[in-house]
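Structure file run.csv; described as CSV, C-alpha atoms.
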chain,number,residue,atom,x,y,z
N,391,MET,CA,219.1,-44.6,-45.5
N,392,ALA,CA,218.2,-41.9,-43.0
N,393,ILE,CA,218.6,-44.4,-40.2
N,394,ILE,CA,222.1,-45.3,-41.3
N,395,VAL,CA,222.9,-41.6,-41.5
N,396,SER,CA,221.5,-41.1,-38.0
N,397,PHE,CA,223.7,-43.9,-36.6
N,398,VAL,CA,226.8,-42.6,-38.3
N,399,LEU,CA,226.0,-39.1,-36.8
N,400,LEU,CA,225.5,-40.8,-33.4
N,401,GLY,CA,228.9,-42.6,-33.7
N,402,ILE,CA,230.7,-39.4,-34.6
N,403,GLY,CA,228.9,-37.5,-31.8
N,404,ILE,CA,229.7,-40.1,-29.1
N,405,LEU,CA,233.3,-40.4,-30.2
N,406,ALA,CA,233.8,-36.7,-30.2
N,407,LEU,CA,232.1,-36.5,-26.8
N,408,VAL,CA,234.5,-39.1,-25.4
N,409,LEU,CA,237.8,-38.3,-27.2
N,410,ARG,CA,237.9,-34.5,-27.7
N,411,ARG,CA,239.1,-32.5,-24.7
N,412,ASP,CA,237.7,-29.2,-25.7
N,413,LEU,CA,234.5,-28.5,-23.7
N,414,VAL,CA,232.9,-26.4,-26.6
N,415,ILE,CA,233.6,-29.3,-29.0
N,416,LYS,CA,231.9,-31.7,-26.5
N,417,LEU,CA,228.8,-29.4,-26.4
N,418,LEU,CA,228.8,-29.4,-30.2
N,419,ALA,CA,229.1,-33.2,-30.1
N,420,LEU,CA,226.1,-33.4,-27.7
N,421,GLY,CA,224.2,-31.4,-30.3
N,422,LEU,CA,225.2,-33.8,-33.0
N,423,VAL,CA,224.0,-36.8,-30.8
N,424,ASN,CA,220.7,-35.0,-30.3
N,425,ALA,CA,220.4,-34.3,-34.1
N,426,SER,CA,221.0,-38.0,-34.8
N,427,SER,CA,218.3,-39.1,-32.4
N,428,ILE,CA,215.8,-36.6,-34.0
N,429,LEU,CA,216.7,-38.0,-37.4
N,430,PHE,CA,216.3,-41.5,-36.1
N,431,LEU,CA,212.9,-40.8,-34.6
N,432,VAL,CA,211.5,-39.1,-37.7
N,433,SER,CA,212.8,-41.8,-40.0
N,434,ILE,CA,211.2,-44.7,-38.0
N,435,GLY,CA,207.9,-43.0,-38.2
N,436,ASN,CA,208.1,-42.9,-42.0
N,437,ARG,CA,205.6,-45.0,-44.1
N,438,PRO,CA,206.0,-45.7,-47.8
N,439,GLY,CA,204.0,-43.1,-49.6
N,440,GLY,CA,203.0,-41.5,-46.4
N,441,ARG,CA,202.4,-37.8,-46.0
N,442,ALA,CA,202.5,-35.3,-43.1
N,443,PRO,CA,199.9,-36.3,-40.4
N,444,ILE,CA,197.5,-33.5,-41.1
N,445,GLN,CA,194.1,-34.8,-41.9
N,446,SER,CA,190.7,-33.5,-42.9
N,447,PRO,CA,187.5,-35.1,-41.4
N,448,GLY,CA,186.6,-38.3,-43.3
N,449,GLU,CA,189.8,-38.2,-45.4
N,450,ILE,CA,191.5,-41.6,-45.9
N,451,ALA,CA,195.2,-41.3,-46.7
N,452,ILE,CA,198.5,-42.9,-45.8
N,453,LEU,CA,200.0,-40.8,-43.0
N,454,VAL,CA,203.3,-41.1,-41.3
N,455,ASP,CA,203.4,-42.1,-37.6
N,456,PRO,CA,202.7,-38.8,-35.7
N,457,LEU,CA,204.0,-40.1,-32.3
N,458,PRO,CA,207.8,-39.9,-33.1
N,459,GLN,CA,207.2,-36.4,-34.4
N,460,ALA,CA,205.6,-35.4,-31.1
N,461,LEU,CA,208.6,-36.9,-29.3
N,462,VAL,CA,211.0,-35.0,-31.5
N,463,LEU,CA,209.4,-31.8,-30.4
N,464,SER,CA,210.3,-32.6,-26.8
N,465,ALA,CA,213.8,-33.6,-27.8
N,466,ILE,CA,214.4,-30.2,-29.6
N,467,VAL,CA,213.1,-28.1,-26.6
N,468,VAL,CA,215.0,-30.1,-24.0
N,469,ASN,CA,218.2,-30.1,-26.1
N,470,PHE,CA,218.0,-26.3,-26.4
N,471,ALA,CA,217.5,-26.0,-22.7
N,472,ILE,CA,220.4,-28.4,-21.9
N,473,LEU,CA,222.8,-26.7,-24.3
N,474,ALA,CA,222.1,-23.2,-23.0
N,475,LEU,CA,222.6,-24.4,-19.4
N,476,ALA,CA,225.7,-26.4,-20.3
N,477,LEU,CA,227.2,-23.4,-22.1
N,478,VAL,CA,226.8,-21.3,-19.0
N,479,PHE,CA,228.7,-23.9,-17.0
N,480,VAL,CA,231.4,-24.0,-19.6
N,481,MET,CA,231.6,-20.2,-19.5
N,482,ILE,CA,232.0,-20.2,-15.7
N,483,LEU,CA,234.8,-22.8,-16.0
N,484,VAL,CA,236.6,-20.9,-18.7
N,485,GLU,CA,236.4,-17.6,-16.7
N,486,ARG,CA,237.9,-19.4,-13.7
N,487,TYR,CA,240.6,-21.6,-15.3
N,488,HIS,CA,241.1,-19.7,-18.6
N,489,THR,CA,241.0,-22.8,-20.7
N,490,THR,CA,238.4,-25.0,-22.5
N,491,ASP,CA,240.6,-28.1,-22.1
N,492,ALA,CA,238.7,-30.6,-19.8
N,493,GLN,CA,241.9,-32.3,-18.8
N,494,ARG,CA,243.7,-29.1,-17.7
N,495,ILE,CA,240.6,-28.0,-15.8
N,496,GLU,CA,240.4,-31.4,-14.0
N,497,HIS,CA,244.1,-31.1,-13.2
N,498,GLU,CA,243.8,-27.6,-11.8
N,499,MET,CA,240.7,-28.6,-9.8
N,500,SER,CA,242.5,-31.5,-8.3
N,501,GLN,CA,245.4,-29.3,-7.3
N,502,GLU,CA,243.0,-26.9,-5.7
N,503,THR,CA,241.4,-29.7,-3.7
N,504,ASP,CA,244.9,-31.0,-2.6
N,505,GLU,CA,245.8,-27.5,-1.4
N,506,GLU,CA,242.6,-27.3,0.6
N,507,GLU,CA,243.2,-30.7,2.1
N,508,THR,CA,246.8,-30.0,3.1
N,509,PRO,CA,246.8,-29.5,6.9
N,510,CYS,CA,248.0,-26.2,8.1
N,511,LEU,CA,251.1,-26.7,10.3
I,882,MET,CA,243.6,-40.0,-21.7
I,883,SER,CA,246.6,-42.0,-23.1
I,884,ALA,CA,246.9,-42.8,-26.8
I,885,ARG,CA,246.3,-46.5,-26.1
I,886,VAL,CA,243.1,-46.0,-24.1
I,887,ARG,CA,242.0,-43.6,-26.8
I,888,CYS,CA,242.6,-46.2,-29.5
I,889,ILE,CA,240.7,-48.9,-27.5
I,890,VAL,CA,237.7,-46.5,-26.9
I,891,CYS,CA,237.7,-45.5,-30.5
I,892,SER,CA,237.8,-49.1,-31.8
I,893,VAL,CA,235.1,-50.3,-29.4
I,894,GLY,CA,232.9,-47.3,-30.3
I,895,ILE,CA,233.2,-47.9,-34.0
I,896,VAL,CA,232.4,-51.7,-33.6
I,897,ALA,CA,229.4,-50.9,-31.3
I,898,VAL,CA,228.0,-48.4,-33.7
I,899,PHE,CA,228.2,-50.8,-36.6
I,900,VAL,CA,226.6,-53.7,-34.6
I,901,VAL,CA,223.7,-51.5,-33.5
I,902,LEU,CA,223.4,-50.1,-37.1
I,903,LEU,CA,223.2,-53.6,-38.6
I,904,SER,CA,220.7,-54.8,-36.0
I,905,PHE,CA,218.5,-51.7,-36.6
I,906,THR,CA,218.8,-52.0,-40.4
I,907,TYR,CA,217.5,-55.6,-39.9
I,908,MET,CA,214.7,-54.4,-37.6
I,909,MET,CA,213.7,-51.7,-40.1
I,910,SER,CA,213.2,-54.4,-42.8
I,911,MET,CA,210.2,-55.5,-40.7
I,912,PRO,CA,206.9,-54.2,-42.0
I,913,ASN,CA,205.8,-52.3,-38.9
I,914,PHE,CA,208.6,-50.9,-36.8
I,915,THR,CA,206.3,-48.5,-34.9
I,916,ASP,CA,202.7,-49.0,-34.1
I,917,SER,CA,201.4,-46.0,-36.1
I,918,GLU,CA,197.8,-47.3,-36.1
I,919,ARG,CA,197.6,-46.8,-32.3
I,920,TYR,CA,197.2,-43.1,-32.7
I,921,LEU,CA,196.1,-42.9,-36.3
I,922,SER,CA,193.1,-45.1,-35.5
I,923,ILE,CA,191.8,-42.4,-33.1
I,924,PRO,CA,189.4,-40.3,-35.2
I,925,ILE,CA,190.4,-36.6,-35.5
I,926,GLU,CA,186.9,-35.7,-34.1
I,927,ALA,CA,188.1,-36.9,-30.7
I,928,SER,CA,190.6,-34.1,-30.2
I,929,GLY,CA,189.2,-31.8,-33.0
I,930,ALA,CA,192.8,-31.1,-34.2
I,931,SER,CA,193.5,-31.7,-37.9
I,932,ASN,CA,197.2,-31.7,-37.0
I,933,ARG,CA,197.6,-35.1,-35.4
I,934,VAL,CA,201.0,-34.2,-33.8
I,935,ALA,CA,199.3,-31.3,-32.0
I,936,GLY,CA,196.5,-33.7,-31.1
I,937,ILE,CA,199.0,-36.0,-29.4
I,938,TYR,CA,201.3,-33.6,-27.5
I,939,LEU,CA,198.5,-31.3,-26.4
I,940,ASN,CA,195.8,-33.8,-25.8
I,941,THR,CA,196.8,-37.5,-25.4
I,942,ARG,CA,200.2,-36.8,-24.0
I,943,LEU,CA,199.6,-33.4,-22.4
I,944,PHE,CA,201.4,-34.5,-19.2
I,945,ASP,CA,204.7,-35.0,-21.0
I,946,THR,CA,204.4,-31.6,-22.6
I,947,LEU,CA,203.8,-29.9,-19.2
I,948,ILE,CA,206.9,-31.6,-17.8
I,949,GLU,CA,208.8,-30.5,-20.9
I,950,ILE,CA,207.8,-26.9,-20.3
I,951,LEU,CA,208.9,-27.2,-16.7
I,952,VAL,CA,212.3,-28.5,-17.8
I,953,PHE,CA,212.6,-25.5,-20.1
I,954,SER,CA,211.6,-23.1,-17.3
I,955,VAL,CA,214.2,-24.6,-14.9
I,956,ALA,CA,216.9,-24.2,-17.6
I,957,VAL,CA,215.9,-20.6,-18.1
I,958,LEU,CA,216.1,-20.1,-14.3
I,959,GLY,CA,219.5,-21.8,-14.2
I,960,VAL,CA,221.0,-19.8,-17.1
I,961,ARG,CA,219.8,-16.5,-15.5
I,962,TYR,CA,221.0,-17.4,-12.0
I,963,TYR,CA,224.5,-18.6,-12.9
I,964,LEU,CA,225.1,-15.8,-15.4
I,965,ARG,CA,224.0,-13.2,-12.8
I,966,HIS,CA,226.4,-14.6,-10.2
I,967,SER,CA,229.4,-15.0,-12.5
I,968,PRO,CA,231.8,-12.0,-13.1
I,969,LYS,CA,230.8,-9.8,-16.0
I,970,VAL,CA,233.1,-9.7,-19.0
I,971,THR,CA,233.3,-6.8,-21.4
I,972,LEU,CA,234.0,-7.9,-24.9
I,973,PRO,CA,234.2,-5.6,-27.9
I,974,ARG,CA,230.8,-5.3,-29.7
I,975,LEU,CA,230.5,-7.3,-32.9
I,976,SER,CA,229.9,-4.6,-35.4
I,977,GLU,CA,227.4,-5.8,-38.0
I,978,SER,CA,227.4,-4.4,-41.5
I,979,ALA,CA,224.7,-2.0,-42.7
I,980,VAL,CA,223.3,-4.8,-44.9
I,981,VAL,CA,222.9,-7.2,-42.0
I,982,ARG,CA,221.3,-4.5,-39.8
I,983,THR,CA,218.8,-3.4,-42.5
I,984,ALA,CA,217.9,-7.0,-43.4
I,985,ALA,CA,217.4,-7.8,-39.7
I,986,GLY,CA,215.2,-4.8,-39.3
I,987,ILE,CA,213.0,-6.0,-42.2
I,988,LEU,CA,213.0,-9.7,-41.2
I,989,GLY,CA,212.2,-9.0,-37.5
I,990,PRO,CA,208.5,-8.0,-37.9
I,991,LEU,CA,208.0,-10.6,-40.6
I,992,ALA,CA,209.3,-13.3,-38.3
I,993,LEU,CA,207.0,-12.1,-35.5
I,994,LEU,CA,204.0,-12.3,-38.0
I,995,LEU,CA,205.0,-15.8,-38.9
I,996,SER,CA,205.3,-16.7,-35.3
I,997,ALA,CA,201.7,-15.5,-34.6
I,998,TYR,CA,200.5,-17.5,-37.7
I,999,PHE,CA,202.2,-20.7,-36.4
I,1000,ALA,CA,200.7,-20.2,-32.9
I,1001,VAL,CA,197.2,-19.5,-34.0
I,1002,LEU,CA,197.0,-22.2,-36.7
I,1003,GLY,CA,199.1,-24.8,-34.9
I,1004,HIS,CA,196.1,-27.2,-34.6
I,1005,LEU,CA,195.3,-27.0,-38.3
I,1006,SER,CA,198.6,-26.9,-40.0
I,1007,PRO,CA,202.3,-27.5,-39.3
I,1008,GLY,CA,203.5,-25.3,-36.5
I,1009,GLY,CA,202.5,-25.0,-32.9
I,1010,GLY,CA,203.4,-23.2,-29.7
I,1011,PHE,CA,207.1,-24.3,-29.4
I,1012,ALA,CA,208.0,-23.5,-33.0
I,1013,ALA,CA,206.1,-20.2,-32.8
I,1014,GLY,CA,207.9,-19.2,-29.5
I,1015,VAL,CA,211.4,-19.9,-31.0
I,1016,ILE,CA,210.5,-17.9,-34.1
I,1017,ALA,CA,209.3,-15.0,-32.0
I,1018,ALA,CA,212.5,-15.0,-29.9
I,1019,SER,CA,214.5,-15.0,-33.2
I,1020,ALA,CA,212.5,-12.1,-34.4
I,1021,VAL,CA,213.4,-10.1,-31.3
I,1022,LEU,CA,217.0,-11.1,-31.8
I,1023,TYR,CA,216.8,-9.6,-35.3
I,1024,VAL,CA,215.4,-6.4,-33.8
I,1025,ALA,CA,218.3,-6.4,-31.3
I,1026,ILE,CA,220.8,-6.7,-34.2
I,1027,ALA,CA,219.1,-3.9,-36.1
I,1028,GLN,CA,218.5,-1.5,-33.2
I,1029,GLY,CA,221.0,-2.5,-30.6
I,1030,MET,CA,220.5,-4.4,-27.3
I,1031,ALA,CA,219.8,-1.4,-25.1
I,1032,ALA,CA,216.9,-0.2,-27.3
I,1033,THR,CA,215.5,-3.7,-27.5
I,1034,GLU,CA,215.8,-4.3,-23.7
I,1035,ALA,CA,214.0,-1.1,-23.1
I,1036,ARG,CA,211.1,-2.5,-25.1
I,1037,PHE,CA,211.3,-6.1,-23.9
I,1038,SER,CA,212.5,-5.6,-20.4
I,1039,PRO,CA,214.0,-8.9,-19.0
I,1040,GLN,CA,212.7,-8.2,-15.5
I,1041,ARG,CA,209.1,-7.7,-16.6
I,1042,ILE,CA,209.3,-10.6,-19.0
I,1043,ALA,CA,210.8,-12.9,-16.3
I,1044,ALA,CA,207.8,-12.2,-14.1
I,1045,ALA,CA,205.4,-12.7,-17.0
I,1046,GLU,CA,207.1,-16.0,-17.9
I,1047,LYS,CA,206.5,-17.4,-14.5
I,1048,GLY,CA,202.9,-16.1,-14.6
I,1049,ILE,CA,202.3,-18.0,-17.8
I,1050,LEU,CA,203.7,-21.2,-16.3
I,1051,LEU,CA,201.4,-20.8,-13.4
I,1052,LEU,CA,198.4,-20.1,-15.7
I,1053,LEU,CA,199.2,-23.3,-17.7
I,1054,PHE,CA,199.2,-25.4,-14.5
I,1055,VAL,CA,196.0,-23.7,-13.3
I,1056,TRP,CA,194.4,-24.5,-16.7
I,1057,VAL,CA,195.2,-28.2,-16.5
I,1058,LEU,CA,194.1,-28.4,-12.9
I,1059,LEU,CA,190.9,-26.5,-13.5
I,1060,PRO,CA,188.8,-29.6,-14.4
I,1061,LEU,CA,189.1,-30.6,-10.7
I,1062,ALA,CA,186.8,-27.7,-9.9
I,1063,PHE,CA,184.2,-29.3,-12.1
I,1064,GLY,CA,184.6,-32.7,-10.6
I,1065,GLU,CA,186.7,-34.0,-13.5
I,1066,ALA,CA,190.2,-35.6,-13.5
I,1067,PRO,CA,193.1,-33.2,-14.0
I,1068,LEU,CA,194.2,-32.7,-17.6
I,1069,SER,CA,190.7,-33.4,-18.8
I,1070,GLU,CA,189.3,-31.5,-21.7
I,1071,LEU,CA,186.9,-28.7,-20.7
I,1072,LEU,CA,186.3,-27.0,-24.1
I,1073,PRO,CA,184.3,-28.9,-26.8
I,1074,PRO,CA,186.4,-30.3,-29.7
I,1075,GLY,CA,184.4,-28.4,-32.3
I,1076,THR,CA,184.5,-29.2,-36.1
I,1077,PRO,CA,188.0,-30.2,-37.2
I,1078,GLY,CA,189.4,-27.8,-39.8
I,1079,ARG,CA,187.7,-24.7,-38.3
I,1080,LEU,CA,189.8,-22.0,-36.5
I,1081,LEU,CA,187.9,-22.3,-33.3
I,1082,SER,CA,188.2,-26.0,-32.8
I,1083,ALA,CA,190.3,-28.6,-31.1
I,1084,GLY,CA,189.2,-27.6,-27.6
I,1085,SER,CA,192.0,-26.4,-25.4
I,1086,ILE,CA,194.7,-27.0,-28.0
I,1087,LEU,CA,194.5,-23.4,-29.4
I,1088,PRO,CA,194.8,-21.7,-25.9
I,1089,TYR,CA,197.6,-24.1,-25.1
I,1090,ASN,CA,199.5,-23.3,-28.3
I,1091,LEU,CA,199.1,-19.5,-27.6
I,1092,LEU,CA,200.3,-19.9,-24.0
I,1093,ILE,CA,203.2,-22.1,-24.9
I,1094,SER,CA,204.3,-19.8,-27.7
I,1095,VAL,CA,204.4,-16.8,-25.4
I,1096,LYS,CA,206.1,-18.9,-22.7
I,1097,VAL,CA,208.8,-20.2,-25.1
I,1098,PHE,CA,209.3,-16.8,-26.6
I,1099,PHE,CA,209.8,-15.2,-23.2
I,1100,GLY,CA,212.1,-18.0,-22.0
I,1101,ALA,CA,214.3,-18.0,-25.1
I,1102,TRP,CA,214.5,-14.2,-25.0
I,1103,LEU,CA,215.5,-14.3,-21.4
I,1104,ILE,CA,218.3,-16.7,-22.3
I,1105,ILE,CA,219.5,-14.4,-25.1
I,1106,ALA,CA,219.3,-11.3,-22.9
I,1107,ALA,CA,221.2,-13.0,-20.1
I,1108,PHE,CA,224.1,-14.0,-22.4
I,1109,ALA,CA,224.1,-10.5,-23.9
I,1110,GLN,CA,224.1,-8.7,-20.5
I,1111,HIS,CA,226.9,-11.0,-19.4
I,1112,ARG,CA,229.2,-10.0,-22.2
I,1113,GLY,CA,228.0,-6.3,-22.3
I,1114,ASP,CA,226.3,-6.4,-25.7
I,1115,LEU,CA,225.3,-8.7,-28.6
Encoded form (structure tokens):
Amino acid sequence: MAIIVSFVLLGIGILALVLRRDLVIKLLALGLVNASSILFLVSIGNRPGGRAPIQSPGEIAILVDPLPQALVLSAIVVNFAILALALVFVMILVERYHTTDAQRIEHEMSQETDEEETPCL
Amino acid sequence: MSARVRCIVCSVGIVAVFVVLLSFTYMMSMPNFTDSERYLSIPIEASGASNRVAGIYLNTRLFDTLIEILVFSVAVLGVRYYLRHSPKVTLPRLSESAVVRTAAGILGPLALLLSAYFAVLGHLSPGGGFAAGVIAASAVLYVAIAQGMAATEARFSPQRIAAAEKGILLLLFVWVLLPLAFGEAPLSELLPPGTPGRLLSAGSILPYNLLISVKVFFGAWLIIAAFAQHRGDL
């Protein structure tokens, strides 16, 4: 069930990332994609009746796979770092173009480039 | 993007998600989707850590963790650099209610205590350096909400913390290269694993957890402080 939810979240995240023009919404969608991958990794490591992978010496118990949980740790930290950096870039763009609309920013940037390329007669 | 292209992308996306979903649902019906025995078959006496996740990311896959810390440090550098070189904005301070400020003042020290617990016992119980660092940064954010950014920055100066953060990164890399001085391969374990379940066990995992917690705390606080300085206050 968790895997199905993770794929639904992935789909929503990717669609929002592609279709929404607001840069802040795109960042939120990126966070949603990351959350879906975390949910997926945790759920594939699950074992029926398994418990958290914390073991005493000599103890025999069904434990869930610890490797995906170790990978999730990396995913969380890297996602935090990427989101913080991406938010700074969005802030710089908003301060310069006074909009969060990706299409308008692209349009204004292309106009700026055209003006720079126009030969001075 | 035109409405037609948007419709096509939307349809293809939905179909692709369902195809992948169905294939993975089929794969999940297989008994062993991941090879959990690969790591669970290693006795805990090998790393000395009762927490098998800590035993993986601070022992077996230590190299990955180091690169991850490097990625985090680069992100902190990037955030501070770009925010310092972009024009400052002065936004009105968000006035918190007395209830929030009082609650934040009480929760701050408690969160710091919880962070220390997670860092020290990360090899025995759920927790570890990364979680502890983020909790500590949240604790300082609580303090900033309760006492104001200026008072908190005077106590946790971003300039000094930035220097300390780089120092800890250097210390981590020196620690993993230290085995070279003893004729061992880099990333080798120098400290004995000890008895699993004891506080002083798991070799270098305890020092790694402590260093990583301080590193992540400083990095996350630097990011928060950079954003707060850019807009004038919290």
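All residues of protein, DNA or RNA that reach within 12 Å of Ile895 in chain I, judged by all atoms listed in the file and not counting those fewer than 3 positions away in the chain, are N:Phe397, N:Val398, N:Leu399, N:Leu400, N:Gly401, N:Ile402, N:Gly403, N:Ile404, N:Leu405, N:Ala406, I:Cys888, I:Ile889, I:Val890, I:Cys891, I:Ser892, I:Val898, I:Phe899, I:Val900, I:Val901, I:Leu902.
Counting all atoms listed in the file, the residue from N:Leu473, N:Val468, N:Ile393, N:Ile450 that sits nearest to Ala419 in chain N is N:Leu473.
CA of Thr971 in chain I sits 26.6 Å away from CA of Arg411 in chain N.
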Report as a compact mmCIF listing (two decimals) with C-alpha atoms, in the frame of the given file all protein, DNA and RNA residues lying within 9 Å of Leu453 in chain N, evaluated on all atoms listed in the file, omitting residues in the same chain fewer than 4 positions from it.
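Result written to part.txt:
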# COMPACT_ATOMS: atom_id res chain seq x y z
CA ASN N 436 208.10 -42.90 -42.00
CA ARG N 437 205.60 -45.00 -44.10
CA GLY N 439 204.00 -43.10 -49.60
CA GLY N 440 203.00 -41.50 -46.40
CA ARG N 441 202.40 -37.80 -46.00
CA ALA N 442 202.50 -35.30 -43.10
CA PRO N 443 199.90 -36.30 -40.40
CA ILE N 444 197.50 -33.50 -41.10
CA GLN N 445 194.10 -34.80 -41.90
CA SER I 917 201.40 -46.00 -36.10
CA LEU I 921 196.10 -42.90 -36.30
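What separates CA of Thr946 in chain I from CA of Gly1078 in chain I is a distance of 23.1 Å.
By all atoms listed in the file, and with residues fewer than 5 positions from Val395 in chain N along its chain excluded, the set lying at most 9 Å from it is Leu400, Ser426, Leu429 and Phe430 of chain N.
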For a quick check of understanding, using all atoms listed in the file, which of I:Gly1009, I:Pro1077, I:Gly1064, I:Gly1113 has the smallest distance to chain N?
I:Pro1077
Which chain I residues have any atom within 6 Å of an atom of chain N, and for each, what is the nearest pair of atoms with distance in Å to one decimal, counting all atoms listed in the file, rows sorted by chain and number, as a Markdown table?
| residue | atom | partner | partner_atom | distance |
| --- | --- | --- | --- | --- |
| I:Val898 | CA | N:Gly401 | CA | 5.9 |
| I:Ser917 | CA | N:Asp455 | CA | 4.6 |
| I:Ser931 | CA | N:Gln445 | CA | 5.1 |
| I:Asn932 | CA | N:Ile444 | CA | 4.5 |
| I:Arg933 | CA | N:Pro443 | CA | 5.6 |
| I:Val934 | CA | N:Pro456 | CA | 5.3 |
| I:Tyr938 | CA | N:Ala460 | CA | 5.9 |
| I:Phe953 | CA | N:Ala471 | CA | 5.6 |
| I:Ala956 | CA | N:Ala471 | CA | 5.4 |
| I:Val960 | CA | N:Leu475 | CA | 5.4 |
